[in-house]
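Have a look at the structure below before the remarks.
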Amino acid sequence: MSVQQRTLDCKDLHSYLKTLQASVLDRLYNHPATCLAVFRELPELSRIYIMRILFVDQAVPKAIMGSWVSPNSAKELEDIVKLLTELRVWQEVEMQGGLKGWLLNPTFRKNLKGALLGGGNEWSMKPPTDADPKARGISVLDEYAMGRWECVLHYMVGSQQQEVISSDALQILQHAGLMKKEPGENQLSITKDGFQFLLMDTSAQVWYFLLQYLDTATARGLDLIDCLGFLFQLSFSTLGQDYSTDTMTEGLQKFLQHLREFGLVYQRKVSREDHRKDGRFYPTRLALDIASGPKKSMVNTLNASSQTTGYIVVETNYRVYAYTDSSLQVALIALFCELIYRFPNLVVGIITRESVRQALRSGITADQIVSFLRQHAHSECYKEPPVLPSTIADQIKLWAIERDRFIYKDGVLYNQFDSQADFEILRNYAQERGVLVWHTNNGRKMVVTKEGHDEVRKFWKRHSRNGSM
């Protein structure tokens, strides 16, 4: 028996799109950027199938499409059929003669062809007609993006910061269950999910945060379709290139300001009287791989170019050396380490059984701790792999297993049976229904699940009534 620890569910792009209503998906495919983003993230075999039928305007028999792969790939074909059907990329139709076939979504086909081949209405964002006299370089954009995003993380860990977090970010933190307000308290406090969120890599954090924002888009008076379409357009933009806001609707202008607060775009402040006419904005690395969900390729480039990357050294004696002066990074290490010394640019801590157990009680998993230490390992550690000593990784997981001894389930206890026969009848009934949790012949006791209690109780009443007649 074990204590099952819930992990934060960070959906990828396709998993998120599957949660949308069919009508929403159909409208989304009117945006070429959406079709290209969905196509780009599909498995290789799925992309091959789509390209083979992209220029076929009629349904293709299943038997023909099934012959395109070897019999050994039947399971893989079944998986992609399910995926493409759930995404409404294609649908099953009945052809002449009763044959079953697959037909590519006409809207998806039209807009994917436009995105791949050109032609039709222009779907990418337009740069301003005039050059920016105060153009921002890539290094400036990187610094701005991480500064804005770390502002959110600073607030979550409760560290001191000069930047003030926006009310929109606070609402999303609460909506996502990352922070909550305790009764009688004015300040928000971090939750178990929040602790897990802190140890996720930056790209996964941003993607999860955006998914929570999109859940509230309608309540903010925004069109979900327009917001998603704009995010996909951002993912195909060029880093360091400025884009015009002239053609953006009022709703997208509002959405753009929220993205600016989260560090996904950079936009200079303008006067209230200007109302951002002839404005421009710069997408940052945080926005460029939005369509990839938590796959993090561009954000890894950002982290690799940052001075804060690769600052942790872990020794086999459980000592942790963090070469950093960032209060945020120190706070993250303190989530699972006992801090011993702190110098201007160095923090020394030690991983102990109690510090790891405290992290586990907070909701952090052993795998997240190990992944965090490996992800932020100092560059010197890569000269002699492994970057994290295997004894440390194994011990952290062993300490986690110590807690995995019991599963707590709500249940109802049945006892005080008049006879062994009555006990066995009810026990067998509960076992057949799959609601029996535990039983013992000694004392004639049994426990059923809370969900199965009503059914078992009704059966027992019928049995008792029939037995007394």
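By order in the structure tokens, chains are A, B, ...; within a chain, residues start at 1; ligands start at 1, following the order shown.
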(request) Write out as a ChimeraX atom specification the residues lying within 12 Å of Gly114 (chain A), counting only C-alpha atoms and excluding same-chain residues fewer than 6 positions away. (result) /A:29-36,54-55,107-108,120-124
(request) Extract the full set of strand (DSSP E or B) residues from region 76-181 of chain A according to DSSP on the backbone, and format it as an MDAnalysis selection string. (result) chainID A and resid 90:94 100:104 179:181
(request) Would you mind reading off the distance between CA of Ile392 (chain A) and CA of Leu198 (chain A), one decimal, in Å? (result) 21.1 Å
(request) Please provide as a PyMOL selection string all residues within 12 Å of region 427-435 of chain A, with the sequence filter that same-chain residues fewer than 3 positions apart are discarded (counting only C-alpha atoms). (result) chain A and resi 409-415+417+420-424+438-441+444-460+463
(request) Considering only C-alpha atoms, state which residue in the set A:His14, A:Arg462, A:Arg27, A:Arg260 is at the smallest distance from Ala145 (chain A). (result) A:Arg260
Within 10 Å of Thr284 (chain A) using only C-alpha atoms, minus same-chain residues under 4 positions, as a short mmCIF file (atom, residue, chain, number, x, y, z; two decimals) with all heavy atoms, in the first residue's frame:
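Below is the file out-v9.cif, written as the result:
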data_model
loop_
_atom_site.label_atom_id
_atom_site.label_comp_id
_atom_site.auth_asym_id
_atom_site.auth_seq_id
_atom_site.Cartn_x
_atom_site.Cartn_y
_atom_site.Cartn_z
N ILE A 138 18.12 41.33 -28.94
CA ILE A 138 17.68 40.04 -28.38
C ILE A 138 18.08 39.91 -26.92
O ILE A 138 17.30 39.41 -26.10
CB ILE A 138 18.27 38.89 -29.22
CG1 ILE A 138 17.67 38.91 -30.63
CG2 ILE A 138 18.02 37.55 -28.56
CD1 ILE A 138 18.22 37.86 -31.56
N VAL A 140 18.36 42.24 -24.70
CA VAL A 140 17.44 43.07 -23.90
C VAL A 140 16.11 42.36 -23.73
O VAL A 140 15.52 42.35 -22.64
CB VAL A 140 17.25 44.45 -24.55
CG1 VAL A 140 16.20 45.27 -23.80
CG2 VAL A 140 18.56 45.22 -24.61
N LEU A 141 15.63 41.76 -24.81
CA LEU A 141 14.35 41.03 -24.74
C LEU A 141 14.45 39.83 -23.80
O LEU A 141 13.51 39.54 -23.05
CB LEU A 141 13.94 40.57 -26.14
CG LEU A 141 13.63 41.67 -27.16
CD1 LEU A 141 13.32 41.06 -28.52
CD2 LEU A 141 12.48 42.55 -26.69
N ASP A 142 15.58 39.13 -23.85
CA ASP A 142 15.77 37.98 -22.96
C ASP A 142 15.75 38.41 -21.50
O ASP A 142 15.10 37.77 -20.65
CB ASP A 142 17.10 37.29 -23.28
CG ASP A 142 17.07 36.53 -24.59
OD1 ASP A 142 15.95 36.32 -25.12
OD2 ASP A 142 18.13 36.15 -25.09
N GLU A 143 16.46 39.49 -21.22
CA GLU A 143 16.51 39.98 -19.83
C GLU A 143 15.14 40.44 -19.36
O GLU A 143 14.73 40.16 -18.24
CB GLU A 143 17.51 41.14 -19.75
CG GLU A 143 17.70 41.68 -18.33
CD GLU A 143 18.71 42.80 -18.28
OE1 GLU A 143 19.34 43.11 -19.33
OE2 GLU A 143 18.88 43.40 -17.20
N TYR A 144 14.41 41.10 -20.25
CA TYR A 144 13.07 41.57 -19.89
C TYR A 144 12.13 40.40 -19.64
O TYR A 144 11.38 40.39 -18.65
CB TYR A 144 12.53 42.44 -21.03
CG TYR A 144 11.07 42.81 -20.86
CD1 TYR A 144 10.68 43.86 -20.04
CD2 TYR A 144 10.07 42.10 -21.52
CE1 TYR A 144 9.35 44.20 -19.89
CE2 TYR A 144 8.74 42.42 -21.38
CZ TYR A 144 8.38 43.47 -20.56
OH TYR A 144 7.05 43.79 -20.41
N ALA A 145 12.17 39.40 -20.53
CA ALA A 145 11.26 38.25 -20.41
C ALA A 145 11.48 37.52 -19.09
O ALA A 145 10.51 37.24 -18.35
CB ALA A 145 11.46 37.30 -21.58
N MET A 146 12.72 37.21 -18.76
CA MET A 146 12.98 36.47 -17.53
C MET A 146 12.71 37.33 -16.31
O MET A 146 12.26 36.83 -15.26
CB MET A 146 14.42 35.97 -17.52
CG MET A 146 14.70 34.89 -18.56
SD MET A 146 13.48 33.53 -18.53
CE MET A 146 13.70 32.89 -16.88
N LEU A 234 2.18 34.22 -32.71
CA LEU A 234 3.41 34.58 -31.99
C LEU A 234 4.45 33.48 -32.10
O LEU A 234 5.65 33.75 -32.19
CB LEU A 234 3.09 34.83 -30.51
CG LEU A 234 2.48 36.17 -30.13
CD1 LEU A 234 2.21 36.21 -28.63
CD2 LEU A 234 3.39 37.33 -30.51
N SER A 235 4.00 32.23 -32.08
CA SER A 235 4.95 31.12 -32.10
C SER A 235 5.70 31.03 -33.42
O SER A 235 6.74 30.39 -33.50
CB SER A 235 4.22 29.79 -31.82
OG SER A 235 3.42 29.41 -32.91
N SER A 237 6.62 33.87 -35.06
CA SER A 237 7.25 35.18 -35.27
C SER A 237 8.77 35.06 -35.20
O SER A 237 9.31 33.99 -34.91
CB SER A 237 6.74 36.18 -34.22
OG SER A 237 7.02 35.73 -32.91
N THR A 238 9.45 36.16 -35.44
CA THR A 238 10.91 36.20 -35.46
C THR A 238 11.43 36.93 -34.24
O THR A 238 10.98 38.06 -33.95
CB THR A 238 11.42 36.88 -36.74
OG1 THR A 238 10.91 36.20 -37.89
CG2 THR A 238 12.94 36.90 -36.78
N LEU A 239 12.35 36.32 -33.52
CA LEU A 239 12.91 36.94 -32.33
C LEU A 239 13.70 38.19 -32.73
O LEU A 239 14.55 38.14 -33.63
CB LEU A 239 13.81 35.95 -31.60
CG LEU A 239 14.38 36.41 -30.25
CD1 LEU A 239 13.26 36.66 -29.26
CD2 LEU A 239 15.36 35.39 -29.70
N GLY A 240 13.43 39.31 -32.06
CA GLY A 240 14.12 40.56 -32.35
C GLY A 240 13.41 41.43 -33.36
O GLY A 240 13.80 42.58 -33.58
N GLN A 241 12.35 40.89 -34.00
CA GLN A 241 11.58 41.66 -34.97
C GLN A 241 10.39 42.32 -34.27
O GLN A 241 9.73 41.70 -33.44
CB GLN A 241 11.08 40.74 -36.09
CG GLN A 241 10.11 41.39 -37.08
CD GLN A 241 10.77 42.47 -37.89
OE1 GLN A 241 11.77 42.24 -38.56
NE2 GLN A 241 10.22 43.68 -37.83
N ARG A 260 2.24 41.01 -22.07
CA ARG A 260 3.37 41.87 -21.70
C ARG A 260 3.66 41.75 -20.20
O ARG A 260 4.83 41.68 -19.79
CB ARG A 260 3.05 43.33 -22.04
CG ARG A 260 4.18 44.31 -21.74
CD ARG A 260 3.73 45.74 -21.95
NE ARG A 260 2.68 46.10 -21.02
CZ ARG A 260 2.89 46.46 -19.75
NH1 ARG A 260 4.12 46.51 -19.27
NH2 ARG A 260 1.88 46.78 -18.97
N GLY A 263 5.66 38.67 -19.56
CA GLY A 263 6.98 38.59 -20.18
C GLY A 263 6.99 37.93 -21.54
O GLY A 263 8.07 37.65 -22.08
N LEU A 264 5.83 37.68 -22.14
CA LEU A 264 5.81 37.01 -23.44
C LEU A 264 6.04 37.98 -24.59
O LEU A 264 6.46 37.58 -25.67
CB LEU A 264 4.49 36.27 -23.65
CG LEU A 264 4.46 34.84 -23.09
CD1 LEU A 264 4.36 34.85 -21.58
CD2 LEU A 264 3.30 34.04 -23.67
N VAL A 265 5.72 39.25 -24.37
CA VAL A 265 6.01 40.28 -25.37
C VAL A 265 6.56 41.50 -24.66
O VAL A 265 6.32 41.72 -23.46
CB VAL A 265 4.75 40.68 -26.19
CG1 VAL A 265 4.20 39.50 -26.96
CG2 VAL A 265 3.68 41.28 -25.30
N TYR A 266 7.32 42.29 -25.41
CA TYR A 266 7.85 43.55 -24.90
C TYR A 266 7.16 44.69 -25.65
O TYR A 266 7.05 44.66 -26.87
CB TYR A 266 9.36 43.65 -25.11
CG TYR A 266 9.92 45.03 -24.81
CD1 TYR A 266 10.25 45.39 -23.50
CD2 TYR A 266 10.09 45.96 -25.83
CE1 TYR A 266 10.75 46.66 -23.24
CE2 TYR A 266 10.59 47.23 -25.56
CZ TYR A 266 10.91 47.55 -24.26
OH TYR A 266 11.40 48.82 -23.98
N LEU A 288 7.84 32.31 -28.35
CA LEU A 288 8.14 31.75 -29.66
C LEU A 288 7.85 30.26 -29.79
O LEU A 288 7.68 29.76 -30.90
CB LEU A 288 9.60 32.03 -30.05
CG LEU A 288 9.76 33.19 -31.04
CD1 LEU A 288 9.20 34.48 -30.46
CD2 LEU A 288 11.20 33.38 -31.44
N ASP A 289 7.83 29.53 -28.68
CA ASP A 289 7.53 28.10 -28.77
C ASP A 289 6.26 27.74 -28.00
O ASP A 289 6.12 26.65 -27.48
CB ASP A 289 8.69 27.25 -28.23
CG ASP A 289 9.61 26.82 -29.36
OD1 ASP A 289 9.19 26.90 -30.52
OD2 ASP A 289 10.74 26.42 -29.09
N MET A 298 13.15 26.77 -27.39
CA MET A 298 13.62 28.15 -27.40
C MET A 298 13.97 28.61 -26.00
O MET A 298 14.91 29.37 -25.80
CB MET A 298 12.55 29.07 -28.00
CG MET A 298 12.43 28.96 -29.50
SD MET A 298 13.93 29.45 -30.36
CE MET A 298 13.95 31.20 -30.03
N VAL A 299 13.18 28.18 -25.00
CA VAL A 299 13.46 28.61 -23.64
C VAL A 299 14.76 28.00 -23.14
O VAL A 299 15.49 28.60 -22.37
CB VAL A 299 12.29 28.24 -22.70
CG1 VAL A 299 12.58 28.65 -21.28
CG2 VAL A 299 11.03 28.93 -23.18
N LEU A 302 17.31 30.30 -24.21
CA LEU A 302 17.34 31.44 -23.31
C LEU A 302 18.08 31.10 -22.03
O LEU A 302 18.92 31.85 -21.56
CB LEU A 302 15.89 31.88 -22.99
CG LEU A 302 15.69 32.90 -21.86
CD1 LEU A 302 16.48 34.17 -22.15
CD2 LEU A 302 14.23 33.21 -21.68
#
(message) Could you check the closest approach to Ile190 (chain A) for each of A:Ile64, A:Leu170, A:Ile50, A:Leu339 and tell me which residue wins, using only C-alpha atoms?
(response) A:Leu170
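Closest to Phe336 (chain A) among A:Thr324, A:Gln368, A:Gln91, A:Gln267 is A:Gln368, based on only C-alpha atoms.
Near region 127-129 of chain A, within 9 Å and counting only C-alpha atoms, sit Met125, Ala131, Asp132, Gln241, Asp242, Tyr243, Ser244, Thr245, Asp246, Asp278, Gly279 and Arg280 of chain A; same-chain residues fewer than 2 positions away were not included.
Proximity of A:Gly251, A:Gly98, A:Gly177, A:Pro385 to Leu224 (chain A), computed with only C-alpha atoms, is greatest for A:Gly251.
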(message) At a cut-off of 10 Å, using only C-alpha atoms, what residues contact Leu104 (chain A)? Leave out same-chain residues fewer than 5 positions from it and give the result as a PyMOL selection string.
(response) chain A and resi 50+53-60+84-85+88-92+109-110
(request) Show which residues sit within 10 Å of Leu42 (chain A), as a count of residues only. Count only C-alpha atoms, and ignore same-chain residues fewer than 4 positions away. (result) 11
